[in-house]
Every structure is written in structure tokens, then in C-alpha cells.
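Below: query_35.txt (compact mmCIF, C-alpha atoms)
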```
# COMPACT_ATOMS: atom_id res chain seq x y z
CA MET A 1034 -15.21 21.36 -9.92
CA TYR A 1035 -12.11 19.94 -8.23
CA GLY A 1036 -9.25 17.86 -9.51
CA LEU A 1037 -6.70 15.53 -7.98
CA ALA A 1038 -3.34 14.95 -9.64
CA ASP A 1039 -1.81 11.73 -8.33
CA CYS A 1040 1.64 10.60 -9.48
CA ASN A 1041 1.67 6.97 -10.60
CA ASN A 1042 3.92 4.75 -8.42
CA PHE A 1043 5.77 7.95 -7.64
CA PHE A 1044 9.02 6.70 -6.09
CA VAL A 1045 9.41 4.10 -8.84
CA SER A 1046 8.62 6.70 -11.50
CA CYS A 1047 11.35 9.00 -10.12
CA GLU A 1048 13.94 6.23 -10.52
CA ARG A 1049 12.72 5.46 -14.06
CA VAL A 1050 13.08 9.07 -15.19
CA PHE A 1051 16.86 8.76 -14.89
CA ASN A 1052 17.14 5.07 -15.76
CA PRO A 1053 14.84 4.25 -18.71
CA GLY A 1054 16.13 0.67 -18.66
CA LEU A 1055 13.79 0.14 -15.71
CA ASN A 1056 10.71 0.65 -17.88
CA GLY A 1057 8.76 -2.59 -18.23
CA ARG A 1058 10.71 -4.25 -15.39
CA PRO A 1059 9.44 -5.01 -11.89
CA VAL A 1060 10.85 -2.33 -9.57
CA ILE A 1061 10.50 -1.88 -5.81
CA ILE A 1062 11.55 0.87 -3.40
CA LEU A 1063 12.47 0.00 0.18
CA SER A 1064 11.79 1.87 3.41
CA ASN A 1065 14.42 3.31 5.75
CA ASN A 1066 17.21 0.81 6.46
CA ASP A 1067 16.00 -1.26 3.50
CA GLY A 1068 13.32 -2.75 5.71
CA CYS A 1069 10.19 -3.31 3.65
CA VAL A 1070 8.54 -2.43 0.33
CA ILE A 1071 7.00 1.06 0.18
CA SER A 1072 6.54 1.52 -3.58
CA ARG A 1073 6.04 -0.96 -6.43
CA SER A 1074 5.83 -0.76 -10.18
CA ASN A 1075 2.80 -2.33 -11.83
CA GLU A 1076 5.05 -5.18 -12.96
CA ALA A 1077 6.08 -5.82 -9.34
CA LYS A 1078 2.45 -5.83 -8.27
CA ALA A 1079 1.62 -8.30 -11.05
CA ILE A 1080 4.12 -10.90 -9.80
CA GLY A 1081 2.69 -10.73 -6.28
CA ILE A 1082 4.96 -8.40 -4.30
CA LYS A 1083 2.91 -6.84 -1.50
CA MET A 1084 3.13 -3.35 -0.04
CA GLY A 1085 4.93 -3.48 3.31
CA GLN A 1086 6.45 -6.90 2.65
CA PRO A 1087 9.81 -7.29 4.44
CA TYR A 1088 12.78 -7.22 2.09
CA TYR A 1089 14.52 -10.21 3.67
CA GLN A 1090 11.54 -12.40 2.72
CA LEU A 1091 11.85 -11.40 -0.94
CA LYS A 1092 15.56 -11.85 -1.70
CA ASN A 1093 15.24 -15.21 -3.49
CA PHE A 1094 12.04 -14.13 -5.22
CA ILE A 1095 13.73 -10.92 -6.40
CA SER A 1096 16.64 -12.86 -7.88
CA ILE A 1097 14.36 -15.25 -9.77
CA HIS A 1098 12.17 -12.50 -11.25
CA LYS A 1099 15.02 -10.01 -11.84
CA VAL A 1100 13.37 -7.31 -9.72
CA ALA A 1101 15.21 -3.96 -9.57
CA VAL A 1102 15.63 -2.86 -5.94
CA PHE A 1103 16.28 0.68 -4.66
CA SER A 1104 16.71 2.21 -1.23
CA SER A 1105 14.44 5.19 -0.60
CA ASN A 1106 16.09 8.37 -1.92
CA TYR A 1107 13.95 11.06 -0.32
CA THR A 1108 16.22 13.87 -1.51
CA LEU A 1109 15.54 12.92 -5.13
CA TYR A 1110 11.85 12.26 -4.57
CA SER A 1111 11.31 15.59 -2.81
CA ASP A 1112 12.99 17.51 -5.63
CA MET A 1113 10.94 15.71 -8.28
CA SER A 1114 7.78 16.36 -6.28
CA GLN A 1115 8.51 20.08 -6.28
CA ARG A 1116 8.99 19.99 -10.06
CA VAL A 1117 5.62 18.31 -10.52
CA GLN A 1118 3.95 20.82 -8.20
CA LYS A 1119 5.46 23.81 -10.01
CA THR A 1120 4.16 22.48 -13.33
CA LEU A 1121 0.68 21.97 -11.87
CA GLN A 1122 0.70 25.49 -10.42
CA SER A 1123 1.37 26.88 -13.89
CA LEU A 1124 -1.63 25.08 -15.40
CA VAL A 1125 -4.54 25.71 -12.99
CA PRO A 1126 -5.83 28.65 -10.90
CA ALA A 1127 -4.71 27.16 -7.57
CA THR A 1128 -3.31 23.96 -6.08
CA GLU A 1129 -3.30 22.36 -2.64
CA VAL A 1130 -0.37 20.05 -1.96
CA TYR A 1131 -1.84 17.03 -0.19
CA SER A 1132 1.21 14.77 -0.06
CA VAL A 1133 4.54 14.25 -1.78
CA ASP A 1134 2.77 12.68 -4.78
CA GLU A 1135 -0.72 14.22 -4.69
CA SER A 1136 -2.13 17.71 -5.22
CA PHE A 1137 -5.70 18.93 -5.33
CA LEU A 1138 -6.57 21.31 -8.17
CA ASP A 1139 -9.04 24.16 -7.84
CA LEU A 1140 -10.97 24.15 -11.12
CA ARG A 1141 -13.86 26.35 -10.03
CA GLY A 1142 -14.67 28.96 -12.64
CA ILE A 1143 -13.39 26.93 -15.58
CA PRO A 1144 -16.21 26.07 -18.05
CA GLU A 1145 -17.25 22.46 -17.56
CA GLU A 1146 -17.06 21.69 -21.27
CA GLN A 1147 -13.30 22.38 -21.11
CA LEU A 1148 -12.50 20.17 -18.13
CA ASP A 1149 -12.09 16.85 -19.95
CA ASP A 1150 -9.54 18.32 -22.37
CA LEU A 1151 -7.86 20.21 -19.52
CA GLY A 1152 -7.38 17.02 -17.49
CA HIS A 1153 -5.66 15.25 -20.38
CA TYR A 1154 -3.58 18.34 -21.11
CA ILE A 1155 -2.38 18.52 -17.49
CA SER A 1156 -1.40 14.85 -17.57
CA ARG A 1157 0.57 15.27 -20.82
CA ILE A 1158 2.37 18.46 -19.78
CA VAL A 1159 3.44 17.12 -16.37
CA GLN A 1160 4.92 14.01 -17.96
CA ARG A 1161 6.62 16.08 -20.67
CA ASN A 1162 8.13 18.52 -18.16
CA THR A 1163 9.13 16.07 -15.44
CA GLY A 1164 8.96 12.55 -16.85
CA ILE A 1165 6.49 11.58 -14.10
CA PRO A 1166 3.21 9.96 -15.25
CA ILE A 1167 0.16 11.21 -13.33
CA SER A 1168 -3.52 10.34 -13.06
CA VAL A 1169 -5.89 13.31 -12.98
CA GLY A 1170 -9.36 12.86 -11.50
CA ILE A 1171 -11.95 15.61 -11.91
CA SER A 1172 -15.38 15.76 -10.25
CA HIS A 1173 -17.75 17.84 -8.12
CA THR A 1174 -15.93 17.36 -4.79
CA LYS A 1175 -12.49 16.47 -3.47
CA THR A 1176 -13.68 13.00 -2.42
CA LEU A 1177 -15.16 12.24 -5.83
CA ALA A 1178 -12.04 13.63 -7.55
CA LYS A 1179 -9.93 11.18 -5.53
CA ILE A 1180 -12.17 8.32 -6.64
CA ALA A 1181 -11.91 9.49 -10.27
CA SER A 1182 -8.12 9.55 -9.97
CA LYS A 1183 -8.07 5.96 -8.67
CA LEU A 1184 -10.33 4.97 -11.56
CA CYS A 1185 -7.86 6.57 -13.95
CA LYS A 1186 -5.06 4.39 -12.57
CA GLN A 1187 -7.13 1.24 -13.04
CA TYR A 1188 -8.03 1.92 -16.68
CA PRO A 1189 -5.11 2.97 -18.93
CA LYS A 1190 -7.56 3.63 -21.78
CA LEU A 1191 -8.57 6.82 -19.94
CA GLN A 1192 -5.12 8.14 -20.96
CA GLY A 1193 -4.21 9.98 -17.81
CA SER A 1194 -7.46 11.74 -16.89
CA CYS A 1195 -10.97 10.83 -15.74
CA TYR A 1196 -13.71 13.48 -15.80
CA MET A 1197 -16.50 12.02 -13.66
CA HIS A 1198 -19.43 14.44 -13.64
CA ARG A 1199 -22.66 12.88 -14.95
CA PRO A 1200 -24.89 11.56 -12.13
CA GLN A 1201 -25.33 8.19 -13.80
CA ASP A 1202 -21.57 7.77 -14.17
CA VAL A 1203 -20.94 8.73 -10.54
CA GLU A 1204 -23.52 6.20 -9.35
CA LYS A 1205 -22.08 3.46 -11.56
CA VAL A 1206 -18.60 4.01 -10.12
CA LEU A 1207 -19.76 4.26 -6.50
CA ARG A 1208 -21.70 1.00 -6.76
CA ARG A 1209 -18.42 -0.85 -7.34
CA PHE A 1210 -16.03 1.29 -5.28
CA PRO A 1211 -14.95 -0.37 -1.99
CA ILE A 1212 -15.93 1.66 1.05
CA GLU A 1213 -12.50 1.14 2.64
CA ASP A 1214 -10.89 2.98 -0.29
CA VAL A 1215 -13.00 6.12 0.13
CA TRP A 1216 -10.98 9.13 1.30
CA GLY A 1217 -11.85 9.93 4.92
CA ILE A 1218 -13.23 6.53 5.93
CA GLY A 1219 -10.18 4.90 7.54
CA ARG A 1220 -9.71 1.40 8.89
CA ARG A 1221 -11.83 1.71 12.02
CA PHE A 1222 -14.90 3.07 10.26
CA ALA A 1223 -14.43 0.66 7.36
CA ALA A 1224 -14.59 -2.24 9.84
CA LEU A 1225 -17.73 -0.79 11.45
CA LEU A 1226 -19.39 -0.41 8.06
CA HIS A 1227 -18.39 -3.91 6.96
CA ASN A 1228 -19.99 -5.30 10.11
CA ARG A 1229 -23.20 -3.62 8.97
CA ASN A 1230 -22.85 -5.11 5.47
CA ILE A 1231 -22.01 -1.75 3.90
CA MET A 1232 -19.31 -2.69 1.40
CA THR A 1233 -19.37 0.04 -1.24
CA ALA A 1234 -19.33 3.82 -1.45
CA TYR A 1235 -22.81 3.71 -2.97
CA ALA A 1236 -24.25 1.65 -0.11
CA PHE A 1237 -22.79 4.15 2.33
CA SER A 1238 -24.24 7.09 0.40
CA GLN A 1239 -27.71 5.54 0.64
CA GLN A 1240 -27.75 5.60 4.44
CA SER A 1241 -29.56 8.44 6.17
CA VAL A 1242 -27.50 11.42 7.24
CA ASP A 1243 -28.78 11.01 10.82
CA TRP A 1244 -27.53 7.42 10.90
CA VAL A 1245 -24.13 8.49 9.59
CA GLN A 1246 -23.98 11.30 12.17
CA SER A 1247 -24.71 8.91 15.03
CA LEU A 1248 -22.08 6.41 13.92
CA MET A 1249 -19.30 8.55 12.45
CA HIS A 1250 -19.97 12.10 13.69
CA ILE A 1251 -19.14 15.21 11.63
CA GLY A 1252 -16.26 13.61 9.67
CA GLY A 1253 -18.52 10.87 8.36
CA VAL A 1254 -21.21 13.37 7.44
CA LYS A 1255 -18.72 15.40 5.41
CA THR A 1256 -17.69 12.28 3.47
CA TRP A 1257 -21.36 11.34 2.96
CA ARG A 1258 -22.16 14.82 1.61
CA GLU A 1259 -19.10 14.82 -0.65
CA LEU A 1260 -20.22 11.52 -2.19
CA HIS A 1261 -23.52 13.24 -2.98
CA GLY A 1262 -21.62 15.96 -4.85
CA ASP A 1263 -21.89 18.59 -2.12
CA PRO A 1264 -18.43 20.18 -1.54
CA CYS A 1265 -17.77 20.51 2.18
CA VAL A 1266 -14.02 19.84 2.48
CA GLU A 1267 -12.44 23.26 2.07
CA PHE A 1268 -9.79 23.95 -0.54
CA GLU A 1269 -6.63 25.14 1.20
CA GLU A 1270 -4.37 26.95 -1.25
CA PHE A 1271 -1.88 27.73 1.51
CA SER A 1272 -0.73 24.93 3.80
CA LYS A 1273 -1.41 25.39 7.49
CA ASP A 1274 1.46 25.67 9.90
CA LYS A 1275 2.20 22.43 11.70
CA GLN A 1276 1.21 22.21 15.34
CA GLN A 1277 3.84 19.54 15.96
CA ILE A 1278 7.06 18.79 14.09
CA THR A 1279 8.46 15.28 14.35
CA VAL A 1280 11.77 13.89 13.10
CA SER A 1281 12.60 10.27 13.85
CA ARG A 1282 14.47 7.41 12.21
CA SER A 1283 15.34 3.78 12.77
CA PHE A 1284 19.06 3.04 12.87
CA SER A 1285 20.91 0.57 10.67
CA LYS A 1286 21.98 -1.27 13.82
CA GLU A 1287 21.23 -1.06 17.52
CA LEU A 1288 23.06 1.74 19.38
CA THR A 1289 24.17 1.40 22.98
CA GLU A 1290 26.55 4.29 23.57
CA SER A 1291 25.03 7.53 24.81
CA ALA A 1292 27.34 9.63 22.62
CA ASP A 1293 26.12 7.93 19.43
CA ILE A 1294 22.47 8.37 20.37
CA GLU A 1295 22.97 12.00 21.39
CA GLN A 1296 24.59 12.72 18.02
CA GLN A 1297 21.56 11.33 16.18
CA VAL A 1298 19.14 13.23 18.42
CA ALA A 1299 21.11 16.43 17.79
CA LEU A 1300 20.81 15.86 14.03
CA PHE A 1301 17.06 15.20 14.28
CA THR A 1302 16.63 18.35 16.38
CA SER A 1303 18.57 20.43 13.85
CA MET A 1304 16.31 19.19 11.05
CA ALA A 1305 13.17 19.94 13.07
CA ALA A 1306 14.39 23.40 14.10
CA GLU A 1307 14.97 24.30 10.46
CA LYS A 1308 11.39 23.28 9.63
CA LEU A 1309 10.16 25.32 12.60
CA ARG A 1310 11.89 28.47 11.37
CA LYS A 1311 10.72 27.88 7.83
CA GLN A 1312 7.11 28.29 8.95
CA HIS A 1313 8.09 31.30 11.13
CA SER A 1314 7.22 29.57 14.39
CA VAL A 1315 8.63 28.88 17.83
CA CYS A 1316 7.99 25.98 20.20
CA ASN A 1317 7.45 25.82 23.94
CA ALA A 1318 8.17 22.13 24.53
CA ILE A 1319 10.22 19.27 23.16
CA ILE A 1320 9.66 15.52 23.44
CA VAL A 1321 12.52 13.03 23.11
CA PHE A 1322 11.88 9.31 22.66
CA LEU A 1323 13.99 6.16 22.29
CA TYR A 1324 12.91 2.66 21.16
CA THR A 1325 14.58 -0.70 21.43
CA ASN A 1326 14.00 -3.27 18.68
CA ARG A 1327 10.62 -4.82 19.44
CA HIS A 1328 11.34 -7.68 17.01
CA ARG A 1329 14.27 -8.87 19.13
CA LYS A 1330 12.41 -10.93 21.69
CA ASP A 1331 15.73 -12.15 23.06
CA LYS A 1332 16.70 -8.62 24.14
CA PRO A 1333 15.34 -6.45 26.98
CA GLN A 1334 12.79 -3.92 25.74
CA GLN A 1335 12.26 -0.26 26.58
CA PHE A 1336 10.23 2.64 25.26
CA ALA A 1337 11.65 5.75 26.87
CA ASN A 1338 10.25 9.23 26.36
CA ARG A 1339 10.17 12.57 28.13
CA LEU A 1340 8.32 15.84 27.64
CA VAL A 1341 10.48 18.85 28.45
CA PRO A 1342 8.77 22.25 28.93
CA LEU A 1343 11.15 24.94 27.69
CA PRO A 1344 11.95 28.04 29.75
CA ARG A 1345 10.93 30.26 26.81
CA ALA A 1346 9.48 29.84 23.35
CA MET A 1347 12.40 29.23 20.98
CA ASP A 1348 13.46 28.33 17.46
CA SER A 1349 17.25 28.32 17.87
CA THR A 1350 18.98 25.12 16.82
CA LEU A 1351 21.66 25.74 19.46
CA GLU A 1352 19.17 25.96 22.30
CA LEU A 1353 16.94 23.12 21.14
CA VAL A 1354 19.89 20.78 20.58
CA ASN A 1355 21.13 21.55 24.07
CA TRP A 1356 17.79 20.53 25.59
CA SER A 1357 17.24 17.44 23.41
CA THR A 1358 20.73 15.95 23.85
CA LYS A 1359 20.65 16.53 27.59
CA THR A 1360 17.31 14.71 27.74
CA ALA A 1361 18.55 11.85 25.55
CA ARG A 1362 21.58 11.44 27.82
CA GLU A 1363 19.27 11.04 30.80
CA LEU A 1364 17.03 8.53 28.99
CA VAL A 1365 19.77 6.15 27.80
CA GLN A 1366 20.16 3.17 30.11
CA LYS A 1367 22.19 -0.01 30.16
CA PRO A 1368 21.79 -2.75 28.97
CA TYR A 1369 19.24 -1.52 26.41
CA GLU A 1370 20.12 -1.46 22.71
CA TYR A 1371 18.27 1.32 20.89
CA LYS A 1372 16.98 0.86 17.36
CA LYS A 1373 15.07 4.14 16.90
CA ALA A 1374 15.06 7.65 18.28
CA GLY A 1375 13.18 10.84 17.57
CA ILE A 1376 12.14 14.26 18.75
CA ILE A 1377 8.87 16.20 18.63
CA LEU A 1378 8.68 19.99 18.80
CA SER A 1379 5.39 20.78 20.49
CA ASP A 1380 3.22 23.68 21.69
CA ILE A 1381 4.07 25.65 18.55
CA GLN A 1382 3.07 29.28 18.04
CA PRO A 1383 3.88 32.01 15.48
CA ASN A 1384 7.14 33.81 16.18
CA SER A 1385 5.28 37.11 15.75
CA SER A 1386 3.62 36.48 19.12
CA LEU A 1387 6.91 35.75 20.87
CA GLN A 1388 7.08 37.37 24.30
CA THR A 1389 10.31 38.03 26.14
CA VAL A 1390 10.90 36.89 29.71
CA LEU A 1391 11.58 39.49 32.39
CA PHE A 1392 15.11 39.36 33.83
CA ASP A 1393 16.18 36.96 31.04
CA ASP A 1394 19.54 37.88 29.53
CA PHE A 1395 18.99 35.69 26.44
CA ASP A 1396 19.84 37.67 23.29
CA GLN A 1397 17.00 36.73 20.90
CA ALA A 1398 18.13 39.14 18.18
CA LYS A 1399 21.61 37.60 18.12
CA HIS A 1400 20.23 34.06 17.83
CA THR A 1401 17.75 35.08 15.14
CA LYS A 1402 20.52 36.61 13.04
CA LEU A 1403 22.72 33.54 13.52
CA MET A 1404 19.93 31.10 12.58
CA ASN A 1405 19.03 33.15 9.48
CA THR A 1406 22.65 32.95 8.38
CA LEU A 1407 22.78 29.21 9.08
CA ASP A 1408 19.61 28.56 7.04
CA GLU A 1409 20.79 30.73 4.16
CA ILE A 1410 24.14 28.91 3.88
CA ASN A 1411 22.49 25.49 3.99
CA LYS A 1412 19.97 26.59 1.40
CA LYS A 1413 22.70 27.70 -1.01
CA GLN A 1414 25.35 25.07 -0.31
CA GLY A 1415 23.11 22.09 0.43
CA PRO A 1416 21.57 20.55 3.56
CA HIS A 1417 23.89 20.07 6.54
CA SER A 1418 26.71 22.10 4.98
CA VAL A 1419 26.93 23.91 8.32
CA VAL A 1420 25.88 21.99 11.42
CA VAL A 1421 26.20 22.17 15.16
CA ALA A 1422 29.21 20.14 16.26
CA SER A 1423 27.15 17.76 18.38
CA ALA A 1424 25.23 16.59 15.27
CA GLY A 1425 28.45 15.50 13.54
CA PHE A 1426 28.99 15.11 9.79
CA ASP A 1427 28.15 11.43 9.46
CA GLY A 1428 24.45 11.97 8.83
CA ILE A 1429 21.70 9.59 9.88
CA LYS A 1430 22.94 6.09 10.62
CA MET A 1431 20.84 4.17 8.09
CA ASN A 1432 21.41 1.09 5.97
CA ARG A 1433 20.84 2.01 2.30
CA GLN A 1434 22.61 -0.57 0.17
CA HIS A 1435 20.63 0.19 -3.01
CA LEU A 1436 20.66 3.99 -3.04
CA SER A 1437 20.46 5.76 -6.39
CA PRO A 1438 22.36 9.02 -7.09
CA ASN A 1439 20.87 12.45 -6.30
CA TYR A 1440 20.61 13.29 -9.99
CA THR A 1441 18.96 16.69 -9.55
CA SER A 1442 20.52 18.07 -6.37
CA ASP A 1443 24.19 17.03 -6.30
CA TRP A 1444 26.72 18.25 -8.87
CA ASP A 1445 28.67 15.02 -8.49
CA ASP A 1446 25.61 12.93 -9.43
CA ILE A 1447 24.57 14.74 -12.61
CA ILE A 1448 24.09 12.24 -15.44
CA GLN A 1449 26.99 12.09 -17.89
CA ILE A 1450 26.13 11.48 -21.54
CA LYS A 1451 28.72 9.82 -23.76
CA ILE A 1452 28.46 10.73 -27.44
```
In C-alpha cells, write the structure found in this file.
Amino acid sequence: MYGLADCNNFFVSCERVFNPGLNGRPVIILSNNDGCVISRSNEAKAIGIKMGQPYYQLKNFISIHKVAVFSSNYTLYSDMSQRVQKTLQSLVPATEVYSVDESFLDLRGIPEEQLDDLGHYISRIVQRNTGIPISVGISHTKTLAKIASKLCKQYPKLQGSCYMHRPQDVEKVLRRFPIEDVWGIGRRFAALLHNRNIMTAYAFSQQSVDWVQSLMHIGGVKTWRELHGDPCVEFEEFSKDKQQITVSRSFSKELTESADIEQQVALFTSMAAEKLRKQHSVCNAIIVFLYTNRHRKDKPQQFANRLVPLPRAMDSTLELVNWSTKTARELVQKPYEYKKAGIILSDIQPNSSLQTVLFDDFDQAKHTKLMNTLDEINKKQGPHSVVVASAGFDGIKMNRQHLSPNYTSDWDDIIQIKI
């Protein structure tokens, strides 16, 4: 058996942990630069606020309905996610972190008669330890566990856990479950299936495996088998190393000066390089890209990007920043106004397979020692405590007018209780 623990309205729940006055109120979380809605409380959903709806369209509506608005606080959300994951890891044999608010649970070997009680216990303990409400779905496969978790969200009477194991119960749920909501289907395949009048997970499961193979290839067959209770999506206790690392952001306003854009690119590169070293990898190429604001039809548009093969595999922030800022400088052109920039570290390999270059006087040992020191200081003192000068100390240029404090990661933001 497999489980899926899914945090309920996770970003909203994080804000409510430290501000109980938000309970029962409509609450929304906005994307970078306070652009659009990316998380909603059930109360916000009930009054008609849509996911992805632009914030500027909602301002009057928000005032009328007294909606609480927050800018996305990813530092807080990441820390709370880690707390949830640590609690889950203490309760089950193994976990697989799927996203910031979801983790698969490996329940194989646990007697089936204990699973219903275990699911409810997990839900209670996570909320007690972290304040975050979760929905636990348990079934024969990962795909069915995800469906059970969604069912748990829809029906509060399940009290935080849904154990979906009897064949008749699985069939009953699949007959009403929209095919587009099945894990692994995606928009393109959902449209193809709708065109063939296949609207539910059950209707899809009743097609022949050969038909599924011809239409959707091996991915579709895996989903089809999982709906039949045959586990074929492997449980990955340890996350795989990333083959590409991307860091990009939209800016609070359009940037035109090369120096400003280079500073942001240097910061993005520093963040990516830290992630690269954390998984003990090096990269052989870097991609830099710049966007103008596609919504400004009155302005000239450009999408500039360049792939730069590196002279050696590297993980040094100093080297990577040098290459990325130089490339950004070459990409910036007048009269374009840039709204977004980013970098991608590509062609990644383990640092254990790093080969030196003949006649190269680069001191790898010196850079490795320096980067280890840099990472250790930033780990102890907080992100960006020590930075390369070209990245500056101003951080990412984003508009976050409704940002909550970093309650769990900044001494200055710790809640003060007045007695």
C-alpha cells in the first residue's frame, strides 16, 4: 500500500499557523510581484476567486468581501514544508517528497487492518506538530493514493484520511472522478480523451491496454495499470539529482540598465550554484535568458537567450557568475525594457567524475575549499550573508507589498507574546 500526504491550501495554512485570526476568513496568496492568485482558502474559493486570477482585477472585490491578501513568502513556506516532512518521516517507514506540499508514503509491510487508523493518526500528529492540516490518501498504488487524497479534501467527514482499498469502493470513486484530474494524464491527453468521450477515470480504465499504448505510449499504460491497482510507478525514497537547475524571476518593474540586469543574473547564478553544490554536481554549460514584458503591446519585444559551453565542468560561484554576467551584458540591447531574467545550469554530472584539463592552471582544490566555506557561513548565518560583490545586497527586485514576517527563520520576526 501507498499513501499520499497533501497539505490543505498549504501557503494559506502556513499564514494561518501564525495568525489564527485568519481562520474562517477568505485568504489568498499572490505570485511573485503580487501578480496573480496562487493559493486560496476554502472561503476564498467559495466566493468565486479563481486560481491564477490577476490581483489587479480583484482589488474592489477583495475590499467588499474583506479578503486577507499576502505576498508569497517562500522562505516561510519552505521551512514549514520541511517541518511537515520531518514529522512524516518519523511516522512511516519511508517517504518520497513529491512537491513542497505533497509527500508519498511507503506503507508496504504494514498490516492492512492498521492502515485506516494509521492514516488518521498521521493527519492528527502532523497538525499537532506543525499546525498544518493535511489530507492522507491510502490505496494500492501512487495514482490511487492521489485520488484518495483528493477525495479526502472534498469530504471533511473523512477527518483527514481516506483509506480506499475495497474494489467496489475504488470503482465507485473512479466512475465519478474526472479524467483530467488523474495524476499523469495532463492537459494534452485529457483533451484527446475528451474528444473520444472518455470523461472519467473509470471510462479510461475500461479501454484496452493496446488502445492506450497506441494513443498515450508507455506513460499512459502506467497510469492505466495503476488505476487497476497494479503498482508500476516506483517509490523513490531518495530524490534524484537534477539534470538542469533553473533560477529565474520577474522584476517589480522593467529594467533597462545593463548593470541592474547583470546584478540580478549574478544573484540567480549564485543561488543556482549553491543548489548545484548541494547535490555534489558540476555543470558543463550555462544558459542565460532575458524577457521583455509581453503584456506591454506598446513596447518593443525581445526574447534573448544564449547557451554558453563552459571550458571545464565547474561548480564555483565565482566562475559561473563571471560567465553569466558577461553573457547578460552581451544580450542587453537598447531600447528594450526587460521584465524577467534567468539562468539554467545544464549538462550536469556528479563532481566525483570531474576530470581536469591538461595545461589548465585553474586551482580546483582552492575553489572547492572556498565554496565549502561560503556555503557553511550562509547555512549558519542565513542565505546571502556572504555574496559575490556583483550580486549586491539588495536581493531580488520584486514587488511584495503584502509580505508576512519570516516567523521561523529570522530572529527579528519571532512572534512576541504579551502577557
(message) Using all atoms listed in the file, can you tell me which of A:Asn1338, A:Thr1401, A:Gln1276, A:Gln1187 comes closest to Leu1364 (chain A)?
(response)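 Between A:Asn1338, A:Thr1401, A:Gln1276, A:Gln1187, the residue approaching Leu1364 (chain A) most closely is A:Asn1338.
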(message) Would you pick out the contacts of Pro1087 (chain A) at 8 Å or less, using all atoms listed in the file, so that residues sharing its chain but fewer than 3 positions from it are not included, and give the list as a PyMOL selection string?
(response) chain A and resi 1068-1070+1090-1091
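When all atoms listed in the file are used to compute distances to His1153 (chain A), the closest of the residues A:Leu1177, A:Leu1191, A:Phe1336, A:Leu1121 turns out to be A:Leu1191.
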(request) For region 1130-1133 of chain A, list every protein, DNA or RNA residue within 7 Å, evaluated using all atoms listed in the file, and leave out those in the same chain fewer than 2 positions away; present the list as an MDAnalysis selection string. (result) chainID A and resid 1111 1114 1128 1135:1137
(message) One number please: CA of Val1050 (chain A) to CA of Asn1162 (chain A), in Å, one decimal.
(response)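 Value for the CA of Val1050 (chain A)-CA of Asn1162 (chain A) distance: 11.1 Å.
Distances from A:Gln1296, A:Asp1263, A:Val1215, A:Asp1067 to Gln1434 (chain A) were compared using all atoms listed in the file, and the smallest one belongs to A:Asp1067.
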(request) Would you kindly return, as a PyMOL selection string, each protein, DNA or RNA residue with an atom no farther than 7 Å from any atom of Phe1322 (chain A), considering all atoms listed in the file and excluding same-chain residues fewer than 2 positions away? (result) chain A and resi 1320+1324+1337-1339+1374-1376
(request) Measure the distance from CA of Gly1193 (chain A) to CA of Ser1156 (chain A) in Å and round it to one decimal. (result) 5.6 Å
(request) Figure out the distance between CA of Met1304 (chain A) and CA of Phe1426 (chain A), please, to one decimal in Å. (result)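 It comes out at 13.4 Å.
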